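Shown here: run17.cif, mmCIF, C-alpha atoms and all ligand atoms.
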```cif
data_run
loop_
_atom_site.group_PDB
_atom_site.id
_atom_site.type_symbol
_atom_site.label_atom_id
_atom_site.label_comp_id
_atom_site.auth_asym_id
_atom_site.auth_seq_id
_atom_site.Cartn_x
_atom_site.Cartn_y
_atom_site.Cartn_z
ATOM 1 C CA MET A 63 101.243 70.128 69.124
ATOM 2 C CA ASN A 64 103.769 67.311 68.771
ATOM 3 C CA ASN A 65 103.687 64.837 65.890
ATOM 4 C CA LEU A 66 102.555 62.028 68.142
ATOM 5 C CA THR A 67 99.268 63.661 69.085
ATOM 6 C CA GLY A 68 96.160 62.289 67.382
ATOM 7 C CA THR A 69 93.485 64.315 65.598
ATOM 8 C CA LEU A 70 89.800 64.539 66.453
ATOM 9 C CA TYR A 71 87.589 64.524 63.352
ATOM 10 C CA ILE A 72 84.000 65.749 63.737
ATOM 11 C CA VAL A 73 82.120 63.851 61.055
ATOM 12 C CA ALA A 74 78.553 64.529 59.905
ATOM 13 C CA THR A 75 76.523 61.469 58.873
ATOM 14 C CA PRO A 76 73.193 61.251 56.961
ATOM 15 C CA ILE A 77 69.858 62.259 58.552
ATOM 16 C CA GLY A 78 67.934 59.578 56.653
ATOM 17 C CA ASN A 79 69.140 58.928 53.131
ATOM 18 C CA LEU A 80 72.360 56.928 53.407
ATOM 19 C CA GLN A 81 73.612 58.329 50.108
ATOM 20 C CA ASP A 82 74.126 61.652 51.878
ATOM 21 C CA ILE A 83 77.479 60.528 53.321
ATOM 22 C CA THR A 84 80.514 62.324 51.885
ATOM 23 C CA GLN A 85 83.477 60.622 50.259
ATOM 24 C CA ARG A 86 85.725 62.412 52.732
ATOM 25 C CA ALA A 87 83.751 61.002 55.687
ATOM 26 C CA LEU A 88 84.225 57.467 54.355
ATOM 27 C CA ASP A 89 87.982 58.088 53.862
ATOM 28 C CA ILE A 90 88.345 59.379 57.419
ATOM 29 C CA PHE A 91 86.406 56.417 58.874
ATOM 30 C CA SER A 92 88.871 54.093 57.142
ATOM 31 C CA GLN A 93 91.884 56.028 58.437
ATOM 32 C CA VAL A 94 91.049 56.648 62.124
ATOM 33 C CA ASP A 95 91.809 54.211 64.947
ATOM 34 C CA LEU A 96 88.575 54.714 66.865
ATOM 35 C CA ILE A 97 85.045 56.008 66.320
ATOM 36 C CA ALA A 98 83.323 57.790 69.198
ATOM 37 C CA ALA A 99 79.551 57.448 68.819
ATOM 38 C CA GLU A 100 76.363 58.038 70.810
ATOM 39 C CA ASP A 101 74.795 54.666 70.188
ATOM 40 C CA THR A 102 77.466 52.219 69.133
ATOM 41 C CA ARG A 103 74.962 49.593 67.929
ATOM 42 C CA HIS A 104 73.129 52.122 65.726
ATOM 43 C CA SER A 105 76.399 53.511 64.337
ATOM 44 C CA GLY A 106 77.771 49.982 63.850
ATOM 45 C CA LEU A 107 74.881 49.286 61.474
ATOM 46 C CA LEU A 108 75.458 52.592 59.673
ATOM 47 C CA LEU A 109 79.164 51.947 59.134
ATOM 48 C CA SER A 110 78.681 48.313 58.130
ATOM 49 C CA HIS A 111 76.370 49.659 55.383
ATOM 50 C CA TYR A 112 79.475 51.400 53.990
ATOM 51 C CA GLY A 113 81.633 48.300 54.579
ATOM 52 C CA ILE A 114 83.610 49.869 57.440
ATOM 53 C CA LYS A 115 84.532 48.015 60.626
ATOM 54 C CA LYS A 116 86.246 49.969 63.417
ATOM 55 C CA PRO A 117 86.415 49.889 67.215
ATOM 56 C CA PHE A 118 83.762 52.074 68.852
ATOM 57 C CA PHE A 119 83.755 54.180 72.003
ATOM 58 C CA ALA A 120 80.417 55.210 73.583
ATOM 59 C CA LEU A 121 80.016 58.935 74.169
ATOM 60 C CA HIS A 122 76.527 60.077 75.069
ATOM 61 C CA ASP A 123 74.968 63.048 76.821
ATOM 62 C CA HIS A 124 75.005 61.595 80.324
ATOM 63 C CA ASN A 125 78.621 60.367 80.284
ATOM 64 C CA GLU A 126 80.222 62.938 78.020
ATOM 65 C CA GLN A 127 82.091 65.051 80.594
ATOM 66 C CA HIS A 128 83.820 62.007 82.111
ATOM 67 C CA LYS A 129 84.379 60.100 78.849
ATOM 68 C CA ALA A 130 85.753 63.185 77.125
ATOM 69 C CA ASP A 131 88.767 63.047 79.488
ATOM 70 C CA LEU A 132 89.450 59.444 78.443
ATOM 71 C CA LEU A 133 89.227 60.366 74.779
ATOM 72 C CA VAL A 134 91.589 63.302 75.253
ATOM 73 C CA GLU A 135 94.105 60.921 76.871
ATOM 74 C CA LYS A 136 93.839 58.620 73.860
ATOM 75 C CA LEU A 137 94.329 61.539 71.470
ATOM 76 C CA GLN A 138 97.389 62.605 73.473
ATOM 77 C CA GLN A 139 98.753 59.080 73.016
ATOM 78 C CA GLY A 140 98.528 59.551 69.236
ATOM 79 C CA ILE A 141 95.216 57.807 68.562
ATOM 80 C CA ASN A 142 93.112 59.375 65.784
ATOM 81 C CA ILE A 143 89.408 59.567 66.546
ATOM 82 C CA ALA A 144 86.267 60.315 64.506
ATOM 83 C CA LEU A 145 83.281 61.650 66.450
ATOM 84 C CA ILE A 146 79.866 60.915 64.990
ATOM 85 C CA SER A 147 76.310 61.142 66.342
ATOM 86 C CA ASP A 148 73.254 58.999 65.570
ATOM 87 C CA ALA A 149 72.445 61.269 62.628
ATOM 88 C CA GLY A 150 73.543 64.590 61.188
ATOM 89 C CA THR A 151 76.190 66.872 62.588
ATOM 90 C CA PRO A 152 77.674 66.064 66.021
ATOM 91 C CA LEU A 153 77.259 68.795 68.696
ATOM 92 C CA ILE A 154 74.050 70.116 67.093
ATOM 93 C CA SER A 155 71.553 68.977 69.765
ATOM 94 C CA ASP A 156 73.945 66.056 70.157
ATOM 95 C CA PRO A 157 76.997 65.230 72.311
ATOM 96 C CA GLY A 158 80.511 66.461 71.538
ATOM 97 C CA PHE A 159 80.759 70.010 72.888
ATOM 98 C CA HIS A 160 82.721 69.080 76.039
ATOM 99 C CA LEU A 161 85.082 66.876 74.066
ATOM 100 C CA VAL A 162 85.806 69.551 71.455
ATOM 101 C CA ARG A 163 86.306 72.209 74.119
ATOM 102 C CA LYS A 164 88.746 70.018 76.040
ATOM 103 C CA CYS A 165 90.677 69.200 72.862
ATOM 104 C CA ARG A 166 91.025 72.852 71.976
ATOM 105 C CA GLN A 167 92.131 73.695 75.523
ATOM 106 C CA VAL A 168 95.049 71.215 75.308
ATOM 107 C CA ASP A 169 95.875 72.030 71.693
ATOM 108 C CA ILE A 170 94.671 68.820 70.082
ATOM 109 C CA LYS A 171 93.827 69.348 66.425
ATOM 110 C CA VAL A 172 90.068 69.310 65.700
ATOM 111 C CA VAL A 173 89.070 68.828 62.049
ATOM 112 C CA PRO A 174 85.392 69.282 61.074
ATOM 113 C CA LEU A 175 83.914 67.350 58.133
ATOM 114 C CA PRO A 176 80.710 69.064 56.967
ATOM 115 C CA GLY A 177 77.594 67.182 55.952
ATOM 116 C CA ALA A 178 73.911 66.780 56.753
ATOM 117 C CA CYS A 179 72.244 68.826 59.480
ATOM 118 C CA ALA A 180 68.443 68.704 59.819
ATOM 119 C CA ALA A 181 68.153 72.374 60.855
ATOM 120 C CA ILE A 182 70.009 73.748 57.836
ATOM 121 C CA THR A 183 68.466 71.276 55.393
ATOM 122 C CA ALA A 184 64.957 72.233 56.564
ATOM 123 C CA LEU A 185 65.717 75.967 56.471
ATOM 124 C CA CYS A 186 66.934 75.728 52.864
ATOM 125 C CA ALA A 187 63.605 74.289 51.714
ATOM 126 C CA SER A 188 61.314 76.386 53.934
ATOM 127 C CA GLY A 189 60.965 79.525 51.854
ATOM 128 C CA ILE A 190 61.353 81.529 55.087
ATOM 129 C CA ALA A 191 64.088 84.171 55.274
ATOM 130 C CA SER A 192 67.460 82.433 55.483
ATOM 131 C CA ASP A 193 69.684 85.514 55.712
ATOM 132 C CA ARG A 194 69.390 85.794 59.497
ATOM 133 C CA PHE A 195 68.253 82.923 61.694
ATOM 134 C CA CYS A 196 68.702 81.452 65.151
ATOM 135 C CA PHE A 197 68.776 77.808 66.123
ATOM 136 C CA GLU A 198 66.930 77.052 69.371
ATOM 137 C CA GLY A 199 67.209 73.241 69.472
ATOM 138 C CA PHE A 200 64.394 71.478 71.366
ATOM 139 C CA LEU A 201 61.778 73.534 73.205
ATOM 140 C CA PRO A 202 61.143 72.469 76.821
ATOM 141 C CA ALA A 203 58.825 69.457 77.219
ATOM 142 C CA LYS A 204 56.439 71.048 79.760
ATOM 143 C CA THR A 205 53.887 73.636 78.645
ATOM 144 C CA LYS A 206 54.772 76.302 81.229
ATOM 145 C CA ALA A 207 58.498 76.201 80.442
ATOM 146 C CA ARG A 208 57.775 76.008 76.706
ATOM 147 C CA CYS A 209 55.528 79.080 76.816
ATOM 148 C CA ASP A 210 58.128 80.961 78.886
ATOM 149 C CA LYS A 211 60.758 80.155 76.273
ATOM 150 C CA LEU A 212 58.443 81.250 73.442
ATOM 151 C CA GLU A 213 57.605 84.476 75.327
ATOM 152 C CA SER A 214 61.329 85.229 75.459
ATOM 153 C CA LEU A 215 61.366 84.981 71.650
ATOM 154 C CA LEU A 216 58.340 87.241 71.045
ATOM 155 C CA GLU A 217 60.504 90.080 69.740
ATOM 156 C CA GLU A 218 62.732 87.833 67.612
ATOM 157 C CA GLN A 219 62.921 89.171 64.072
ATOM 158 C CA ARG A 220 65.202 86.445 62.783
ATOM 159 C CA THR A 221 63.869 83.133 61.489
ATOM 160 C CA MET A 222 63.729 80.621 64.365
ATOM 161 C CA ILE A 223 64.616 76.952 63.974
ATOM 162 C CA PHE A 224 63.464 74.282 66.440
ATOM 163 C CA TYR A 225 63.729 70.526 66.654
ATOM 164 C CA GLU A 226 60.521 68.818 67.778
ATOM 165 C CA SER A 227 59.359 65.302 68.510
ATOM 166 C CA THR A 228 56.369 63.433 67.196
ATOM 167 C CA HIS A 229 54.842 63.187 70.722
ATOM 168 C CA ARG A 230 54.936 66.913 71.391
ATOM 169 C CA ILE A 231 54.289 68.531 68.037
ATOM 170 C CA LEU A 232 50.571 69.259 68.580
ATOM 171 C CA ASP A 233 51.039 70.649 72.106
ATOM 172 C CA CYS A 234 53.947 72.663 70.830
ATOM 173 C CA LEU A 235 51.885 74.191 67.997
ATOM 174 C CA LYS A 236 49.105 75.028 70.478
ATOM 175 C CA ASP A 237 51.618 76.941 72.597
ATOM 176 C CA ILE A 238 53.101 78.705 69.569
ATOM 177 C CA GLU A 239 49.575 79.773 68.598
ATOM 178 C CA LYS A 240 48.889 80.989 72.138
ATOM 179 C CA VAL A 241 52.105 82.995 72.443
ATOM 180 C CA PHE A 242 52.857 84.138 68.861
ATOM 181 C CA GLY A 243 49.245 84.390 67.680
ATOM 182 C CA GLU A 244 47.313 82.186 65.245
ATOM 183 C CA ASP A 245 48.608 84.005 62.169
ATOM 184 C CA ARG A 246 52.310 83.360 62.672
ATOM 185 C CA TYR A 247 53.680 81.618 59.579
ATOM 186 C CA LEU A 248 55.788 78.515 60.013
ATOM 187 C CA VAL A 249 57.032 75.490 58.133
ATOM 188 C CA LEU A 250 57.082 71.917 59.351
ATOM 189 C CA ALA A 251 59.799 69.805 57.715
ATOM 190 C CA ARG A 252 59.193 66.147 58.507
ATOM 191 C CA GLU A 253 61.270 63.062 57.667
ATOM 192 C CA ILE A 254 63.664 65.040 55.501
ATOM 193 C CA THR A 255 65.548 62.917 52.946
ATOM 194 C CA LYS A 256 63.366 59.898 53.828
ATOM 195 C CA THR A 257 60.421 58.197 52.096
ATOM 196 C CA TRP A 258 57.723 60.270 53.835
ATOM 197 C CA GLU A 259 59.468 63.620 53.500
ATOM 198 C CA THR A 260 56.863 66.377 53.902
ATOM 199 C CA ILE A 261 57.525 70.106 53.916
ATOM 200 C CA LYS A 262 54.390 72.067 54.734
ATOM 201 C CA GLY A 263 54.063 75.787 55.428
ATOM 202 C CA ASP A 264 51.040 77.667 56.762
ATOM 203 C CA LYS A 265 49.759 79.886 59.562
ATOM 204 C CA VAL A 266 50.201 78.062 62.856
ATOM 205 C CA SER A 267 46.446 77.552 63.413
ATOM 206 C CA ALA A 268 45.987 76.112 59.898
ATOM 207 C CA LEU A 269 49.046 73.889 60.210
ATOM 208 C CA ARG A 270 47.745 72.509 63.512
ATOM 209 C CA SER A 271 44.339 71.693 61.960
ATOM 210 C CA TRP A 272 46.099 70.033 59.020
ATOM 211 C CA LEU A 273 48.069 67.795 61.399
ATOM 212 C CA GLU A 274 44.957 66.971 63.411
ATOM 213 C CA GLU A 275 43.190 65.778 60.255
ATOM 214 C CA ASP A 276 45.572 62.845 59.873
ATOM 215 C CA PRO A 277 47.682 61.467 62.767
ATOM 216 C CA ASN A 278 50.204 60.078 60.255
ATOM 217 C CA ARG A 279 51.206 63.667 59.539
ATOM 218 C CA THR A 280 52.537 64.024 63.088
ATOM 219 C CA LYS A 281 54.812 60.993 62.820
ATOM 220 C CA GLY A 282 58.567 60.885 62.374
ATOM 221 C CA GLU A 283 61.369 63.357 62.930
ATOM 222 C CA MET A 284 60.636 67.018 62.441
ATOM 223 C CA VAL A 285 62.017 70.524 62.302
ATOM 224 C CA LEU A 286 59.944 73.679 62.792
ATOM 225 C CA ILE A 287 60.961 76.869 61.047
ATOM 226 C CA ILE A 288 59.119 79.919 62.381
ATOM 227 C CA GLU A 289 59.086 83.304 60.706
ATOM 228 C CA GLY A 290 60.416 86.141 62.863
ATOM 229 C CA ILE A 291 58.193 89.155 63.585
ATOM 230 C CA GLN A 292 57.897 91.625 60.743
ATOM 231 C CA LYS A 293 58.362 94.883 62.612
ATOM 232 C CA GLN A 294 58.086 97.110 59.549
ATOM 233 C CA ASP A 295 54.483 95.932 59.061
ATOM 234 C CA ASN A 296 53.457 97.517 62.323
ATOM 235 C CA ASN A 297 55.512 100.718 62.328
ATOM 236 C CA ASP A 298 57.916 99.151 64.806
ATOM 237 C CA ILE A 299 55.276 98.583 67.445
ATOM 238 C CA SER A 300 56.560 95.809 69.694
ATOM 239 C CA SER A 301 54.854 92.448 69.681
ATOM 240 C CA GLN A 302 54.278 92.807 73.451
ATOM 241 C CA ALA A 303 52.234 95.941 72.773
ATOM 242 C CA ILE A 304 50.330 94.216 69.965
ATOM 243 C CA LYS A 305 49.623 91.280 72.257
ATOM 244 C CA ALA A 306 48.321 93.647 74.950
ATOM 245 C CA LEU A 307 46.137 95.399 72.385
ATOM 246 C CA LYS A 308 44.767 92.058 71.166
ATOM 247 C CA LEU A 309 43.832 91.087 74.725
ATOM 248 C CA LEU A 310 42.269 94.426 75.569
ATOM 249 C CA VAL A 311 40.108 94.718 72.440
ATOM 250 C CA LYS A 312 38.360 91.546 73.539
ATOM 251 C CA GLU A 313 37.072 93.496 76.575
ATOM 252 C CA LEU A 314 37.079 97.173 75.516
ATOM 253 C CA PRO A 315 36.302 99.366 72.511
ATOM 254 C CA LEU A 316 39.367 99.684 70.253
ATOM 255 C CA LYS A 317 39.725 103.390 71.000
ATOM 256 C CA LYS A 318 39.962 102.790 74.738
ATOM 257 C CA ALA A 319 42.262 99.755 74.320
ATOM 258 C CA ALA A 320 44.596 101.737 72.024
ATOM 259 C CA ALA A 321 44.760 104.581 74.575
ATOM 260 C CA ILE A 322 45.721 102.213 77.417
ATOM 261 C CA VAL A 323 48.395 100.403 75.394
ATOM 262 C CA ALA A 324 49.773 103.719 74.117
ATOM 263 C CA GLU A 325 50.106 104.905 77.704
ATOM 264 C CA LEU A 326 51.712 101.633 78.866
ATOM 265 C CA TYR A 327 54.218 101.231 76.022
ATOM 266 C CA GLY A 328 54.866 104.824 75.036
ATOM 267 C CA TYR A 329 53.316 104.828 71.525
ATOM 268 C CA LYS A 330 50.942 107.320 69.891
ATOM 269 C CA LYS A 331 47.256 106.503 70.447
ATOM 270 C CA ASN A 332 46.466 106.987 66.765
ATOM 271 C CA GLU A 333 49.206 104.617 65.669
ATOM 272 C CA LEU A 334 47.764 101.823 67.800
ATOM 273 C CA TYR A 335 44.187 102.674 66.832
ATOM 274 C CA GLN A 336 45.169 102.439 63.147
ATOM 275 C CA LEU A 337 46.977 99.146 63.729
ATOM 276 C CA GLY A 338 43.869 97.799 65.476
ATOM 277 C CA LEU A 339 41.616 98.874 62.576
ATOM 278 C CA GLU A 340 43.888 97.229 60.023
ATOM 279 C CA HIS A 341 44.736 94.003 61.804
ATOM 280 C CA LEU A 342 42.474 93.315 64.758
ATOM 281 C CA GLU A 343 38.920 94.256 63.832
HETATM 282 N N1 LIG B 1 72.659 66.417 65.086
HETATM 283 C C1 LIG B 1 71.452 66.299 64.340
HETATM 284 C C2 LIG B 1 71.482 67.262 63.157
HETATM 285 O O1 LIG B 1 72.566 67.642 62.730
HETATM 286 O O2 LIG B 1 70.434 67.614 62.630
HETATM 287 C C3 LIG B 1 70.229 66.515 65.222
HETATM 288 C C4 LIG B 1 70.134 65.545 66.359
HETATM 289 S S1 LIG B 1 68.735 65.763 67.367
HETATM 290 C C5 LIG B 1 69.063 64.654 68.658
HETATM 291 C C6 LIG B 1 67.478 64.898 66.512
HETATM 292 C C7 LIG B 1 66.391 65.822 65.971
HETATM 293 O O3 LIG B 1 66.800 66.382 64.733
HETATM 294 C C8 LIG B 1 65.092 65.127 65.670
HETATM 295 O O4 LIG B 1 64.282 64.991 66.832
HETATM 296 C C9 LIG B 1 64.456 66.064 64.667
HETATM 297 O O5 LIG B 1 63.899 67.178 65.322
HETATM 298 C C10 LIG B 1 65.703 66.514 63.876
HETATM 299 N N2 LIG B 1 65.900 65.618 62.728
HETATM 300 C C11 LIG B 1 66.866 64.692 62.576
HETATM 301 N N3 LIG B 1 66.728 64.059 61.400
HETATM 302 C C12 LIG B 1 65.652 64.591 60.791
HETATM 303 C C13 LIG B 1 64.985 64.359 59.549
HETATM 304 N N4 LIG B 1 65.405 63.449 58.693
HETATM 305 N N5 LIG B 1 63.899 65.111 59.271
HETATM 306 C C14 LIG B 1 63.452 66.072 60.117
HETATM 307 N N6 LIG B 1 64.038 66.313 61.298
HETATM 308 C C15 LIG B 1 65.127 65.596 61.631
#
```
Write-out of the structure in structure tokens:
Amino acid sequence: MNNLTGTLYIVATPIGNLQDITQRALDIFSQVDLIAAEDTRHSGLLLSHYGIKKPFFALHDHNEQHKADLLVEKLQQGINIALISDAGTPLISDPGFHLVRKCRQVDIKVVPLPGACAAITALCASGIASDRFCFEGFLPAKTKARCDKLESLLEEQRTMIFYESTHRILDCLKDIEKVFGEDRYLVLAREITKTWETIKGDKVSALRSWLEEDPNRTKGEMVLIIEGIQKQDNNDISSQAIKALKLLVKELPLKKAAAIVAELYGYKKNELYQLGLEHLE
């Protein structure tokens, strides 16, 4: 890298409470030549709150690939750029990936400035295992695709983190209940760091009823943290096999259902029979 090349700073901004900006972020905003932002009007208001006025460059999902080339040219001309998103950490369900990849390919220095991220903030307060987790972003908007995605996560033992919107939260919980079962424990973290911050954990069926009781509870921005399957509870019997057993016991005596599932999935009949006695009857 020559001395004339600019630096790309990836700067996290608050997810609600404006006091959650870092001192380093404010210093970098003052030093850079240009701020690349998703919504320049929204970010203009944010930065004017901190008394910062800088030229903006619009970089959003649908123009990122093309605009990233222009930004790389500017960086190569020695211009220093801060990338921000509407809220939280850029690139996390937000634009920036193509730009960062291009910068790294042509050896432009990329400096990350850590700060707020809704997924991590929600996880920290959820009380669900935080030692191993996966971030799945937004689930698909349509029920079929959403259920397919959830099915693909049936065996997931790690904690799962999703972003969800106010319009889809109830449909989404219905699908989680259908695919993962009504007893799956999850936490809804809504409006984190804002006035109506609510962090509520329960079995999916109970959480859905709680939301249905008061439409205000479905409003705002939200993160869902879902507990992974607890294999040790069921002697390592896969959740697919448990699901099959659950379906079959609705139609057949447990003994018969356990025998069929044992045959299909290669478990011992007794193991499944015992599981059925303990959890399904
Ligand atoms: N890059 C951001 C981050 O670091 O968290 C996420 C951007 S994504 C487009 C926006 C989604 O993040 C929202 O729909 C919501 O699911 C989640 N989110 C953002 N702010 C939130 C908040 N204050 N409380 C709960 N969820 C939030």
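Across the structure, CA of Cys209 in chain A and CA of Cys234 in chain A are spaced 8.9 Å apart.
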### Task
Taking the file above as input, evaluate the PyMOL selection byres (((chain A and resi 338) around 12) and not hetatm) and report the hits as a PyMOL selection string.
chain A and resi 296+299+303-312+315-321+323+331-337+339-343
Step by step, measure atom-to-atom distances between ligand LIG 1 (chain B) and each residue using only C-alpha atoms and all ligand atoms, keep those at most 6 Å, then write them as an mmCIF file with C-alpha atoms, in the coordinates of the input.
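Writing done, so here's out-v9.cif:
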```
data_model
loop_
_atom_site.group_PDB
_atom_site.id
_atom_site.type_symbol
_atom_site.label_atom_id
_atom_site.label_comp_id
_atom_site.auth_asym_id
_atom_site.auth_seq_id
_atom_site.Cartn_x
_atom_site.Cartn_y
_atom_site.Cartn_z
ATOM 1 C CA ILE A 77 69.858 62.259 58.552
ATOM 2 C CA GLY A 78 67.934 59.578 56.653
ATOM 3 C CA ALA A 149 72.445 61.269 62.628
ATOM 4 C CA GLY A 150 73.543 64.590 61.188
ATOM 5 C CA THR A 151 76.190 66.872 62.588
ATOM 6 C CA PRO A 152 77.674 66.064 66.021
ATOM 7 C CA ILE A 154 74.050 70.116 67.093
ATOM 8 C CA SER A 155 71.553 68.977 69.765
ATOM 9 C CA ASP A 156 73.945 66.056 70.157
ATOM 10 C CA CYS A 179 72.244 68.826 59.480
ATOM 11 C CA ALA A 180 68.443 68.704 59.819
ATOM 12 C CA ALA A 181 68.153 72.374 60.855
ATOM 13 C CA TYR A 225 63.729 70.526 66.654
ATOM 14 C CA GLU A 226 60.521 68.818 67.778
ATOM 15 C CA SER A 227 59.359 65.302 68.510
ATOM 16 C CA ALA A 251 59.799 69.805 57.715
ATOM 17 C CA ARG A 252 59.193 66.147 58.507
ATOM 18 C CA GLU A 253 61.270 63.062 57.667
ATOM 19 C CA ILE A 254 63.664 65.040 55.501
ATOM 20 C CA THR A 255 65.548 62.917 52.946
ATOM 21 C CA GLU A 283 61.369 63.357 62.930
ATOM 22 C CA MET A 284 60.636 67.018 62.441
ATOM 23 C CA VAL A 285 62.017 70.524 62.302
#
```
#### Entry: Sphere at (83.6, 54.7, 71.8), radius 12 Å, counting all atoms listed in the file: residues as a ChimeraX atom specification
/A:95-103,105-106,116-122,125-126,129-130,132-133,136,143-147
Residues near Asn142 in chain A, cut-off 6 Å, only C-alpha atoms, skip fewer than 3 positions along chain, as a short mmCIF file (atom, residue, chain, number, x, y, z; two decimals) with C-alpha atoms, keeping the file's coordinate frame:
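Contents of result36.cif, freshly written:
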```cif
data_model
loop_
_atom_site.label_atom_id
_atom_site.label_comp_id
_atom_site.auth_asym_id
_atom_site.auth_seq_id
_atom_site.Cartn_x
_atom_site.Cartn_y
_atom_site.Cartn_z
CA GLY A 68 96.16 62.29 67.38
CA THR A 69 93.48 64.32 65.60
CA VAL A 94 91.05 56.65 62.12
CA ASP A 95 91.81 54.21 64.95
#
```
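Put simply, CA of Glu244 in chain A is 5.1 Å away from CA of Ser267 in chain A.
With CA of Ala178 in chain A on one side and CA of Ile238 in chain A on the other, the separation reads 27.2 Å.
For the residues A:Trp272, A:Gln167, A:Thr221, A:Pro157, ranking by smallest atom-to-atom distance to Leu185 in chain A using only C-alpha atoms places A:Thr221 first.
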### Residues matched by the PyMOL selection byres (((chain A and resi 170) around 8) and not hetatm), written as a PyMOL selection string
chain A and resi 63+67-70+137-138+165-169+171-172
#### Entry: the PyMOL selection byres (((chain A and resi 265) around 12) and not hetatm) applied to the shown file, residues as a count of residues only
26
### Query
Got a sec: who's within 9 Å of Met222 in chain A, counting all atoms listed in the file, leaving out chain neighbours fewer than 3 positions off, as a PyMOL selection string?
chain A and resi 195-198+215+218-219+286-290
Generate all heavy atoms for range 193-198 of chain A and emit them as an mmCIF file, in the frame of the given file.
```cif
data_model
loop_
_atom_site.group_PDB
_atom_site.id
_atom_site.type_symbol
_atom_site.label_atom_id
_atom_site.label_comp_id
_atom_site.auth_asym_id
_atom_site.auth_seq_id
_atom_site.Cartn_x
_atom_site.Cartn_y
_atom_site.Cartn_z
ATOM 1 N N ASP A 193 68.514 84.645 55.565
ATOM 2 C CA ASP A 193 69.684 85.514 55.712
ATOM 3 C C ASP A 193 70.080 85.710 57.173
ATOM 4 O O ASP A 193 71.256 85.841 57.498
ATOM 5 C CB ASP A 193 69.461 86.868 55.021
ATOM 6 C CG ASP A 193 68.168 87.548 55.448
ATOM 7 O OD1 ASP A 193 67.289 86.873 56.054
ATOM 8 O OD2 ASP A 193 68.018 88.756 55.194
ATOM 9 N N ARG A 194 69.092 85.687 58.059
ATOM 10 C CA ARG A 194 69.390 85.794 59.497
ATOM 11 C C ARG A 194 68.476 84.814 60.228
ATOM 12 O O ARG A 194 67.260 84.875 60.087
ATOM 13 C CB ARG A 194 69.133 87.224 60.000
ATOM 14 C CG ARG A 194 70.104 88.235 59.423
ATOM 15 C CD ARG A 194 69.780 89.638 59.898
ATOM 16 N NE ARG A 194 70.050 89.806 61.314
ATOM 17 C CZ ARG A 194 69.167 90.282 62.186
ATOM 18 N NH1 ARG A 194 67.976 90.645 61.790
ATOM 19 N NH2 ARG A 194 69.470 90.401 63.447
ATOM 20 N N PHE A 195 69.079 83.909 60.980
ATOM 21 C CA PHE A 195 68.253 82.923 61.694
ATOM 22 C C PHE A 195 68.923 82.532 63.002
ATOM 23 O O PHE A 195 70.116 82.765 63.202
ATOM 24 C CB PHE A 195 68.009 81.686 60.824
ATOM 25 C CG PHE A 195 69.250 80.956 60.406
ATOM 26 C CD1 PHE A 195 69.818 79.983 61.209
ATOM 27 C CD2 PHE A 195 69.864 81.240 59.183
ATOM 28 C CE1 PHE A 195 70.963 79.316 60.823
ATOM 29 C CE2 PHE A 195 71.017 80.576 58.783
ATOM 30 C CZ PHE A 195 71.561 79.604 59.607
ATOM 31 N N CYS A 196 68.111 81.977 63.926
ATOM 32 C CA CYS A 196 68.702 81.452 65.151
ATOM 33 C C CYS A 196 68.212 80.027 65.347
ATOM 34 O O CYS A 196 67.077 79.691 64.993
ATOM 35 C CB CYS A 196 68.365 82.322 66.362
ATOM 36 S SG CYS A 196 66.609 82.534 66.665
ATOM 37 N N PHE A 197 69.099 79.206 65.876
ATOM 38 C CA PHE A 197 68.776 77.808 66.123
ATOM 39 C C PHE A 197 68.502 77.656 67.611
ATOM 40 O O PHE A 197 69.341 78.012 68.434
ATOM 41 C CB PHE A 197 69.950 76.926 65.686
ATOM 42 C CG PHE A 197 69.777 75.483 66.056
ATOM 43 C CD1 PHE A 197 68.772 74.728 65.484
ATOM 44 C CD2 PHE A 197 70.612 74.881 66.986
ATOM 45 C CE1 PHE A 197 68.591 73.397 65.834
ATOM 46 C CE2 PHE A 197 70.446 73.552 67.338
ATOM 47 C CZ PHE A 197 69.435 72.810 66.764
ATOM 48 N N GLU A 198 67.310 77.140 67.950
ATOM 49 C CA GLU A 198 66.930 77.052 69.371
ATOM 50 C C GLU A 198 66.860 75.612 69.861
ATOM 51 O O GLU A 198 66.444 75.371 70.992
ATOM 52 C CB GLU A 198 65.578 77.745 69.593
ATOM 53 C CG GLU A 198 65.648 79.261 69.458
ATOM 54 C CD GLU A 198 66.346 79.927 70.647
ATOM 55 O OE1 GLU A 198 66.394 79.317 71.731
ATOM 56 O OE2 GLU A 198 66.866 81.050 70.474
#
```
